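Structure file model_2.cif (mmCIF, C-alpha atoms) follows.
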```
data_upload
loop_
_atom_site.group_PDB
_atom_site.id
_atom_site.type_symbol
_atom_site.label_atom_id
_atom_site.label_comp_id
_atom_site.auth_asym_id
_atom_site.auth_seq_id
_atom_site.Cartn_x
_atom_site.Cartn_y
_atom_site.Cartn_z
ATOM 1 C CA MET W 879 0.000 0.000 0.000
ATOM 2 C CA PRO W 880 1.625 3.270 -1.060
ATOM 3 C CA GLU W 881 2.341 5.893 1.595
ATOM 4 C CA LEU W 882 1.870 9.450 0.358
ATOM 5 C CA HIS W 883 4.796 11.601 1.487
ATOM 6 C CA ARG W 884 3.888 14.907 -0.100
ATOM 7 C CA ILE W 885 0.552 15.916 -1.591
ATOM 8 C CA THR W 886 -0.898 18.599 -3.778
ATOM 9 C CA THR W 887 -4.559 19.347 -3.180
ATOM 10 C CA GLU W 888 -6.590 21.037 -5.929
ATOM 11 C CA TYR W 889 -10.227 21.743 -6.665
ATOM 12 C CA ILE W 890 -10.965 20.735 -10.271
ATOM 13 C CA ASP W 891 -13.971 22.693 -11.487
ATOM 14 C CA THR W 892 -14.808 20.453 -14.446
ATOM 15 C CA GLU W 893 -14.938 17.403 -12.142
ATOM 16 C CA ASP W 894 -16.485 19.278 -9.176
ATOM 17 C CA ARG W 895 -14.103 17.249 -7.023
ATOM 18 C CA ILE W 896 -10.930 17.646 -5.059
ATOM 19 C CA ARG W 897 -7.873 15.976 -6.506
ATOM 20 C CA LEU W 898 -5.023 14.801 -4.289
ATOM 21 C CA THR W 899 -1.825 14.142 -6.175
ATOM 22 C CA GLY W 900 0.493 12.238 -3.867
ATOM 23 C CA GLU W 901 4.195 11.604 -4.105
ATOM 24 C CA VAL W 902 5.174 8.006 -3.369
ATOM 25 C CA ASN W 903 8.725 6.725 -2.789
ATOM 26 C CA GLU W 904 10.252 5.178 -5.897
ATOM 27 C CA SER W 905 6.975 5.177 -7.786
ATOM 28 C CA ASP W 906 4.839 7.385 -9.989
ATOM 29 C CA PRO W 907 2.509 9.779 -8.191
ATOM 30 C CA VAL W 908 -0.913 8.549 -7.125
ATOM 31 C CA ILE W 909 -3.986 10.624 -7.963
ATOM 32 C CA LEU W 910 -6.952 10.364 -5.624
ATOM 33 C CA TRP W 911 -10.332 11.974 -6.295
ATOM 34 C CA LEU W 912 -12.396 13.101 -3.291
ATOM 35 C CA THR W 913 -16.075 13.949 -3.637
ATOM 36 C CA GLN W 914 -17.978 16.494 -1.599
ATOM 37 C CA ARG W 915 -20.131 13.685 -0.214
ATOM 38 C CA LEU W 916 -17.123 11.720 1.052
ATOM 39 C CA LEU W 917 -15.469 14.820 2.507
ATOM 40 C CA THR W 918 -18.712 15.833 4.236
ATOM 41 C CA ARG W 919 -18.572 12.495 6.062
ATOM 42 C CA LEU W 920 -14.808 12.557 6.714
ATOM 43 C CA LEU W 921 -14.289 16.120 7.943
ATOM 44 C CA PRO W 922 -16.285 15.925 11.214
ATOM 45 C CA HIS W 923 -14.064 13.037 12.353
ATOM 46 C CA LEU W 924 -10.936 15.078 11.628
ATOM 47 C CA PHE W 925 -12.358 18.114 13.465
ATOM 48 C CA LEU W 926 -13.301 15.986 16.474
ATOM 49 C CA TRP W 927 -9.811 14.479 16.685
ATOM 50 C CA LEU W 928 -8.232 17.939 16.561
ATOM 51 C CA GLU W 929 -10.605 19.243 19.219
ATOM 52 C CA GLN W 930 -9.674 16.305 21.461
ATOM 53 C CA GLN W 931 -6.019 17.342 21.225
ATOM 54 C CA ASN W 932 -6.939 20.398 23.319
ATOM 55 C CA GLY W 933 -5.673 19.760 26.838
ATOM 56 C CA ASN W 934 -6.148 23.424 27.690
ATOM 57 C CA THR W 935 -8.648 25.006 30.069
ATOM 58 C CA MET W 936 -9.340 27.875 27.649
ATOM 59 C CA PRO W 937 -12.526 27.715 25.567
ATOM 60 C CA ALA W 938 -12.070 25.196 22.756
ATOM 61 C CA GLU W 939 -13.186 27.667 20.072
ATOM 62 C CA ILE W 940 -10.386 30.097 20.979
ATOM 63 C CA VAL W 941 -7.737 27.379 21.230
ATOM 64 C CA GLN W 942 -8.744 25.792 17.914
ATOM 65 C CA SER W 943 -8.886 29.133 16.108
ATOM 66 C CA PHE W 944 -5.454 30.121 17.403
ATOM 67 C CA ALA W 945 -3.955 26.720 16.524
ATOM 68 C CA GLN W 946 -5.465 26.903 13.029
ATOM 69 C CA ARG W 947 -4.047 30.385 12.458
ATOM 70 C CA ALA W 948 -0.604 29.258 13.683
ATOM 71 C CA ALA W 949 -0.617 26.193 11.417
ATOM 72 C CA ARG W 950 -1.549 28.314 8.404
ATOM 73 C CA SER W 951 1.313 30.731 9.077
ATOM 74 C CA GLU W 952 3.786 27.808 9.134
ATOM 75 C CA LEU W 953 2.710 26.416 5.752
ATOM 76 C CA PRO W 954 5.798 26.469 3.512
ATOM 77 C CA GLU W 955 5.430 27.221 -0.172
ATOM 78 C CA GLN W 956 6.488 24.244 -2.299
ATOM 79 C CA PRO W 957 6.199 23.211 -5.914
ATOM 80 C CA PRO W 958 3.183 20.981 -6.642
ATOM 81 C CA VAL W 959 3.516 17.216 -6.962
ATOM 82 C CA GLN W 960 3.610 16.560 -10.702
ATOM 83 C CA ARG W 961 1.375 13.965 -12.294
ATOM 84 C CA SER W 962 2.821 11.636 -14.919
ATOM 85 C CA ALA W 963 1.359 9.530 -17.704
ATOM 86 C CA GLN W 964 1.968 6.469 -15.521
ATOM 87 C CA SER W 965 0.181 7.895 -12.464
ATOM 88 C CA ILE W 966 -2.440 5.636 -10.969
ATOM 89 C CA GLU W 967 -5.744 7.486 -10.649
ATOM 90 C CA TRP W 968 -8.916 6.488 -8.794
ATOM 91 C CA LEU W 969 -12.005 7.707 -6.963
ATOM 92 C CA VAL W 970 -11.882 7.346 -3.191
ATOM 93 C CA HIS W 971 -14.929 5.479 -1.849
ATOM 94 C CA ALA W 972 -13.901 5.142 1.811
ATOM 95 C CA VAL W 973 -11.386 6.521 4.272
ATOM 96 C CA ASP W 974 -10.240 4.636 7.366
ATOM 97 C CA ILE W 975 -8.877 6.828 10.156
ATOM 98 C CA THR W 976 -6.281 5.649 12.663
ATOM 99 C CA PRO W 977 -5.426 8.276 15.278
ATOM 100 C CA ASP W 978 -2.575 8.259 17.743
ATOM 101 C CA ASN W 979 -1.281 10.900 20.134
ATOM 102 C CA ALA W 980 0.782 12.833 17.612
ATOM 103 C CA SER W 981 -0.741 12.161 14.192
ATOM 104 C CA LEU W 982 -3.713 10.907 12.251
ATOM 105 C CA ARG W 983 -3.397 8.258 9.549
ATOM 106 C CA MET W 984 -5.908 8.138 6.716
ATOM 107 C CA ARG W 985 -6.198 5.084 4.503
ATOM 108 C CA PHE W 986 -7.945 6.007 1.260
ATOM 109 C CA ARG W 987 -9.700 3.102 -0.473
ATOM 110 C CA SER W 988 -11.381 2.673 -3.837
ATOM 111 C CA SER W 989 -14.150 0.262 -4.772
ATOM 112 C CA ALA W 990 -11.557 -1.733 -6.756
ATOM 113 C CA GLU W 991 -9.346 -2.333 -3.687
ATOM 114 C CA ASP W 992 -6.830 0.404 -4.512
ATOM 115 C CA GLU W 993 -5.353 1.899 -1.353
ATOM 116 C CA ALA W 994 -3.028 4.687 -0.287
ATOM 117 C CA THR W 995 -2.231 6.095 3.141
ATOM 118 C CA LEU W 996 -1.440 9.563 4.361
ATOM 119 C CA THR W 997 -0.180 10.291 7.873
ATOM 120 C CA LEU W 998 -0.445 13.859 9.091
ATOM 121 C CA PRO W 999 0.792 15.259 12.410
ATOM 122 C CA VAL W 1000 -1.519 17.807 14.053
ATOM 123 C CA VAL W 1001 -0.005 20.902 12.412
ATOM 124 C CA GLN W 1002 0.042 19.357 8.934
ATOM 125 C CA LEU W 1003 -3.536 18.140 9.348
ATOM 126 C CA ARG W 1004 -4.561 21.689 10.241
ATOM 127 C CA GLN W 1005 -2.678 23.001 7.199
ATOM 128 C CA TRP W 1006 -4.365 20.479 4.922
ATOM 129 C CA LEU W 1007 -7.792 21.302 6.382
ATOM 130 C CA GLY W 1008 -7.094 24.987 5.736
ATOM 131 C CA ILE W 1009 -6.332 24.140 2.110
ATOM 132 C CA VAL W 1010 -9.453 21.982 1.763
ATOM 133 C CA HIS W 1011 -11.510 24.791 3.346
ATOM 134 C CA LEU W 1012 -10.187 27.264 0.800
ATOM 135 C CA LEU W 1013 -10.897 24.877 -2.084
ATOM 136 C CA TRP W 1014 -14.341 24.097 -0.635
ATOM 137 C CA GLY W 1015 -15.171 27.771 -1.076
ATOM 138 C CA LYS W 1016 -13.867 27.754 -4.645
ATOM 139 C CA GLY W 1017 -16.235 24.877 -5.377
ATOM 140 C CA GLU W 1018 -19.088 26.878 -3.854
ATOM 141 C CA TRP W 1019 -19.987 23.858 -1.739
ATOM 142 C CA PRO W 1020 -22.248 24.364 1.337
ATOM 143 C CA ALA W 1021 -20.189 25.621 4.274
ATOM 144 C CA GLY W 1022 -22.291 24.032 7.048
ATOM 145 C CA VAL W 1023 -19.851 21.188 7.727
ATOM 146 C CA TRP W 1024 -17.041 23.549 8.806
ATOM 147 C CA PRO W 1025 -16.614 24.581 12.461
ATOM 148 C CA GLU W 1026 -16.350 28.286 13.232
ATOM 149 C CA TRP W 1027 -12.699 27.987 14.327
ATOM 150 C CA ILE W 1028 -11.584 27.020 10.807
ATOM 151 C CA ASN W 1029 -12.717 30.399 9.502
ATOM 152 C CA VAL W 1030 -9.385 32.102 10.038
ATOM 153 C CA ASP W 1031 -8.125 34.517 7.404
ATOM 154 C CA ASP W 1032 -8.314 32.477 4.194
ATOM 155 C CA SER W 1033 -6.280 34.925 2.151
ATOM 156 C CA THR W 1034 -3.421 33.027 0.582
ATOM 157 C CA GLY W 1035 -1.202 36.003 0.013
ATOM 158 C CA GLY W 1036 -1.109 35.360 -3.725
ATOM 159 C CA LYS W 1037 -0.643 31.587 -3.453
ATOM 160 C CA THR W 1038 -2.378 29.505 -6.088
ATOM 161 C CA SER W 1039 -4.951 26.800 -5.520
ATOM 162 C CA GLN W 1040 -2.211 24.196 -6.019
ATOM 163 C CA ILE W 1041 -0.768 23.866 -2.550
ATOM 164 C CA SER W 1042 1.580 21.065 -1.474
ATOM 165 C CA ILE W 1043 2.320 19.739 1.985
ATOM 166 C CA HIS W 1044 4.541 16.938 3.201
#
```
Could you write out this file's structure as structure tokens?
Amino acid sequence: MPELHRITTEYIDTEDRIRLTGEVNESDPVILWLTQRLLTRLLPHLFLWLEQQNGNTMPAEIVQSFAQRAARSELPEQPPVQRSAQSIEWLVHAVDITPDNASLRMRFRSSAEDEATLTLPVVQLRQWLGIVHLLWGKGEWPAGVWPEWINVDDSTGGKTSQISIH
């Protein structure tokens, strides 16, 4: 099962989907398609895990908002993961989540038994959620799934919608 080490997340208007292009060691990139429906089911689990990381006595909304803003400010600019003609491409039908104390592992699965995993520490998960939130708006998808604390300044300072994290 390929482990994604660096990803580029993009909203593709003609597909009305989010495309993850993931870099895999010694292999061609893997392209995963995420639908709004799947993300609407996945995101609350990611938010809940992040909120449970709060061991603070301050109100959770303030802590989460501050942590989200800090993660966004630490997002380094990187070149996007490049797709190739040999890239494997598939629609994600399910995501299995395995949390631990320091990171969250997502196993993306297709209906044809394709799989890829992505492990994100807390800060990188927040960065990725910030990217997905920005792209969610570009897709003009309903915002009701997002908690209030994610609504930090979404200005990207001139960055494009192709954002990579690793």
- Considering only C-alpha atoms, return as number ranges by chain whatever protein or nucleic-acid residues lie within 7 Å of Leu882 in chain W, sequence-local ones (same chain, fewer than 4 positions apart) excluded. W: 900-902, 994-996
*Do a neighbour search on Arg983 in chain W at 8 Å with only C-alpha atoms, toss out local chain neighbours closer than 4 positions, and write the hits as a VMD selection string.*
chain W and resid 975 to 977 995 to 998
| In Å, how far is it from CA of Val908 in chain W to CA of Glu888 in chain W? |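 Those two atoms sit 13.8 Å apart.
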One residue among W:Ser981, W:Ser988, W:Thr892, W:Gln1002 is nearest to Leu912 in chain W when using all atoms listed in the file, and that residue is W:Ser988
Please evaluate the PyMOL selection byres ((chain W and resi 909) around 7) against the displayed coordinates and give the resulting residues as a ChimeraX atom specification.
/W:897-900,907-908,910-911,965-968
How many Å separate CA of Trp1019 in chain W from CA of Glu955 in chain W?
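Going from CA of Trp1019 in chain W over to CA of Glu955 in chain W covers 25.7 Å.
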- Counting only C-alpha atoms, the residue of W:Trp1014, W:Ser962, W:Val970, W:Gln931 that sits nearest Pro999 in chain W: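 Of the candidates, the smallest distance to Pro999 in chain W is held by W:Gln931.
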Separating CA of Ala990 in chain W from CA of Gln964 in chain W, to the nearest tenth of an Å, is a gap of 18.1 Å
Q) What lies within 9 Å of Ala972 in chain W using all atoms listed in the file, ignoring chain neighbours under 2 positions off, as a list in words? A)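 Once the nearby chain positions are removed, what remains is Leu916, Leu920, Val970, Asp974, Arg985, Phe986, Arg987, Ser988 and Ser989 of chain W.
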Subject >> Residue with smallest distance to Leu969 in chain W - pool W:Asn1029, W:Ser905, W:Thr886, W:Gln914, counting all atoms listed in the file >> reply: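 Closest candidate: W:Gln914.
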Please return the centre and edge lengths, in Å to one decimal, of a box with edges along x, y and z that contains all listed atoms of range 982-988 of chain W, widened by 6 Å on every side, as JSON.
```
{"center_x": -7.4, "center_y": 6.8, "center_z": 4.2, "size_x": 20.0, "size_y": 20.2, "size_z": 28.1}
```
Smallest atom-to-atom distance to Lys1016 in chain W: which of W:Asp891, W:Met879, W:Arg884, W:Leu1003, using all atoms listed in the file?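 Once distances to Lys1016 in chain W are computed over all atoms listed in the file, the minimum belongs to W:Asp891.
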Asp894 in chain W: which residues within 8 Å, counting all atoms listed in the file, same-chain residues fewer than 4 positions away excluded, as a list in words?
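What passes the distance filter is Tyr889, Ile890, Thr913 and Gly1017 of chain W.
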File dump, residues just selected, C-alpha atoms, as a compact mmCIF listing (two decimals), keeping the file's coordinate frame:
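In the end it all went to result31.txt:
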```txt
# COMPACT_ATOMS: atom_id res chain seq x y z
CA TYR W 889 -10.23 21.74 -6.66
CA ILE W 890 -10.96 20.74 -10.27
CA THR W 913 -16.08 13.95 -3.64
CA GLY W 1017 -16.24 24.88 -5.38
```
